[in-house]
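What follows is a set of notes on a single structure, which appears directly below.
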Protein chains: 2
Amino acid sequence: MNTKMMNIKSELEKHGIKPTYQRLCVLEFIEQSQDHPTADHIYENLVKKIPTMSRTTIYNTLNLFLEKGLVVPLTITGTEVRYEITTGQHHHFLCLKCGRIYDVNIQCPLSQSKTVDGHQIQEIHGYFKGICKNCLN
Amino acid sequence: MNTKMMNIKSELEKHGIKPTYQRLCVLEFIEQSQDHPTADHIYENLVKKIPTMSRTTIYNTLNLFLEKGLVVPLTITGTEVRYEITTGQHHHFLCLKCGRIYDVNIQCPLSQSKTVDGHQIQEIHGYFKGICKNCLN
DNA sequence: TATCAGTTTGTAATGAATACAAAAATGATG
DNA sequence: CATCATTTTTGTATTCATTACAAACTGATA
Ligand SMILES: [Mn+2]
Ligand SMILES: [Mn+2]
Ligand SMILES: [Zn+2]
Ligand SMILES: [Zn+2]
């Protein structure tokens with residue numbers, strides 16, 4: 001196992017997750033992915049390397065990662081869940097033409113808030129939708 | 001037809017929508033509803049009054065209202081689309097315990113923006129998730 | 001080796017939304 | 001009123017993401 005895989009392995013262990021081969025591959029794929037993949041994106045890519053890979057394993061793994069706070073779900077499209085590694089707070093832009101999802105780095109004054117109107121905040125999502133820079137041309 | 005229904009009728013006409021009975025009832029229900037209903041919520045309520053009502057009509061109507069800009073879709077839960085009347089910009093809080101969706105009125109500095117990172121904005125959604133005021137007790 | 005918990009896999013089921021075509025309503029025209 | 005075209009509504013079948021469930025597999029331990 002190379003050094004990148006060792007890092008991924010220890011990241012799983014740090015979150016109390018037994019580092020199986022499938023889980024390593026799922027986490028590696030999400031980390032390396034730029035475009036907030038769906039469960040199916042992950043499956044379609046991993047099944048090339050692991051022919052016995054099951055879609056159910058992808059879902060099981062993603063739900064485990066969610067519980068342990070390793071990944072964050074994005075419900076921006078409304079048709080399927082997209083995933084990304086839990087990192088610094090940022091917002092997202094969905095292009096209604098090409099479907100691409102862009103990271104948007106803006107200083108949101110609410111990012112640090114723990115409550116709104118007395119409700120206890122656990123997640124904050126900022127979703128923009130429209131036509132992306134590329135598709136405008 | 002009472003005066004409230006007349007208002008709803010002219011609201012449809014203002015948006016270039018022929019005011020059929022089904023459409024009047026759907027719009028009336030969404031306007032009067034406090035909790036951002038799903039297509040199924042609307043169906044279950046209207047079928048009491050209109051026994052022949054079809055789920056397909058609800059979906060057709062909602063998609064028409066969306067095209068004409070009468071309603072806004074919320075993808076906050078990730079499992080189904082919620083709808084609300086197009087009004088002033090506001091954000092939403094989803095309680096992960098009871099499932100209720102609250103309006104959140106905060107002055108978001110991005111509400112007026114027409115672009116982010118060169119992307120043309122058409123919709124802005126601010127979603128908070130956590131435990132609501134009621135469920136905290 | 002026998003056992004056992006945790007993991008992976010395949011198949012079946014669920015549920016929101018769409019596709020599609022028949023039936024019903026509407027509305028203009030003679 | 002009768003006819004005919006257009007729009008709207010309805011019911012059924014289908015799609016697709018996700019979950020439910022149980023059998024097969026794995027790896028550690030006694
Ligand atoms: Mn992101
Ligand atoms: Mn609202
Ligand atoms: Zn685009
Ligand atoms: Zn609550």
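Identifiers in this document derive from the order of the structure tokens: chains are assigned A, B, ..., residues are numbered from 1 separately in each chain, and ligands are numbered from 1 in order of occurrence.
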
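Neighbours of ligand 2 at a cut-off of 10 Å, computed so that only C-alpha atoms (C1' of nucleotides) and all ligand atoms are counted, are the residues Gln34, Asp35, His36, Val72, Pro73, Leu74, Arg82, Tyr83, Glu84, Ile85, Thr86, Thr87, Gly88, Gln89, His90, His91, His92, Phe93, Ile101, Tyr102, Asp103, Val104 and Asn105 of chain B.
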
- Message: Distance limit 12 Å, atoms considered: only C-alpha atoms. Which chain A residues sit that close to chain B? Return them as a ChimeraX atom specification.
- Response: /A:73-82,91-97,100-111,113-137

- Task: Just need the residues of chain A within 12 Å of chain C, counting only C-alpha atoms (C1' of nucleotides), so spit them out as number ranges by chain.
- Result: A: 17-23, 51-61, 78-80

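Computed from the coordinates, the CA of Leu70 in chain B to C1' of DT7 in chain D distance equals 20.3 Å.
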
- Mind giving me the straight-line distance from CA of Ile30 in chain B to CA of Val71 in chain B in Å, one decimal?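 Answer for the CA of Ile30 in chain B to CA of Val71 in chain B separation: 8.8 Å.
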
- Message: Can you pull out every residue from chain B that DSSP, working from the backbone, puts in strand (DSSP E), and format the result as a PyMOL selection string?
- Response: chain B and resi 71-74+82-85+91-95+101-104+115-116+119-131

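If you take only C-alpha atoms (C1' of nucleotides) and a cut-off of 12 Å, the residues of chain D that reach chain A are DC16, DA17, DT18, DT19, DA20, DC21, DT26 and DG27 of chain D.
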
With N, CA, C and O atoms (P, O5', C5', C4', C3', O3' and C1' of nucleotides) retained, could you export that selection as a short mmCIF file (atom, residue, chain, number, x, y, z; two decimals), in the first residue's frame?
data_model
loop_
_atom_site.label_atom_id
_atom_site.label_comp_id
_atom_site.auth_asym_id
_atom_site.auth_seq_id
_atom_site.Cartn_x
_atom_site.Cartn_y
_atom_site.Cartn_z
P DC D 16 -34.35 5.27 -16.35
"O5'" DC D 16 -33.95 5.80 -14.91
"C5'" DC D 16 -34.70 6.86 -14.32
"C4'" DC D 16 -34.41 6.90 -12.84
"C3'" DC D 16 -33.10 6.22 -12.41
"O3'" DC D 16 -32.47 7.06 -11.49
"C1'" DC D 16 -34.89 5.41 -11.13
P DA D 17 -30.91 6.89 -11.13
"O5'" DA D 17 -30.94 7.18 -9.57
"C5'" DA D 17 -31.47 8.41 -9.12
"C4'" DA D 17 -31.87 8.26 -7.68
"C3'" DA D 17 -30.75 7.79 -6.75
"O3'" DA D 17 -30.77 8.60 -5.57
"C1'" DA D 17 -32.62 6.33 -6.58
P DT D 18 -29.67 8.37 -4.43
"O5'" DT D 18 -30.37 7.30 -3.47
"C5'" DT D 18 -31.57 7.67 -2.82
"C4'" DT D 18 -32.17 6.47 -2.13
"C3'" DT D 18 -31.24 5.78 -1.13
"O3'" DT D 18 -31.71 6.06 0.18
"C1'" DT D 18 -32.55 4.24 -2.41
P DT D 19 -31.04 5.40 1.48
"O5'" DT D 19 -31.97 4.14 1.79
"C5'" DT D 19 -33.37 4.33 1.83
"C4'" DT D 19 -34.07 3.00 2.03
"C3'" DT D 19 -33.53 2.16 3.21
"O3'" DT D 19 -34.67 1.73 3.92
"C1'" DT D 19 -33.59 0.87 1.24
P DA D 20 -34.53 0.92 5.27
"O5'" DA D 20 -34.90 -0.58 4.83
"C5'" DA D 20 -35.97 -0.79 3.92
"C4'" DA D 20 -36.34 -2.27 3.90
"C3'" DA D 20 -35.88 -3.08 5.12
"O3'" DA D 20 -36.87 -4.08 5.37
"C1'" DA D 20 -34.77 -3.87 3.18
P DC D 21 -36.74 -5.06 6.64
"O5'" DC D 21 -36.05 -6.35 6.01
"C5'" DC D 21 -36.48 -6.81 4.75
"C4'" DC D 21 -35.63 -7.98 4.30
"C3'" DC D 21 -34.96 -8.76 5.44
"O3'" DC D 21 -35.18 -10.13 5.23
"C1'" DC D 21 -33.39 -8.20 3.80
P DT D 26 -14.06 -14.66 0.91
"O5'" DT D 26 -13.77 -13.89 2.28
"C5'" DT D 26 -14.04 -12.50 2.36
"C4'" DT D 26 -13.61 -11.99 3.73
"C3'" DT D 26 -12.30 -12.62 4.21
"O3'" DT D 26 -11.37 -11.58 4.45
"C1'" DT D 26 -13.99 -12.72 5.90
P DG D 27 -9.83 -11.97 4.83
"O5'" DG D 27 -9.62 -11.10 6.17
"C5'" DG D 27 -10.74 -10.52 6.82
"C4'" DG D 27 -10.56 -10.58 8.33
"C3'" DG D 27 -9.21 -11.14 8.80
"O3'" DG D 27 -8.92 -10.55 10.05
"C1'" DG D 27 -10.90 -12.54 9.55
#

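Here C1' of DA22 in chain D is placed at a distance of 23.5 Å from CA of Phe65 in chain A.
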
- Task: Select from chain B everything DSSP, run on the backbone, classes as helix (DSSP H, G or I), then give the selection as number ranges by chain.
- Result: B: 3-14, 21-32, 39-49, 55-67

- Query: Ile42 in chain A: which residues within 8 Å, counting only C-alpha atoms (C1' of nucleotides), same-chain residues fewer than 4 positions away excluded, as a ChimeraX atom specification?
  - Reply: /A:26,29-30,37-38,46,58
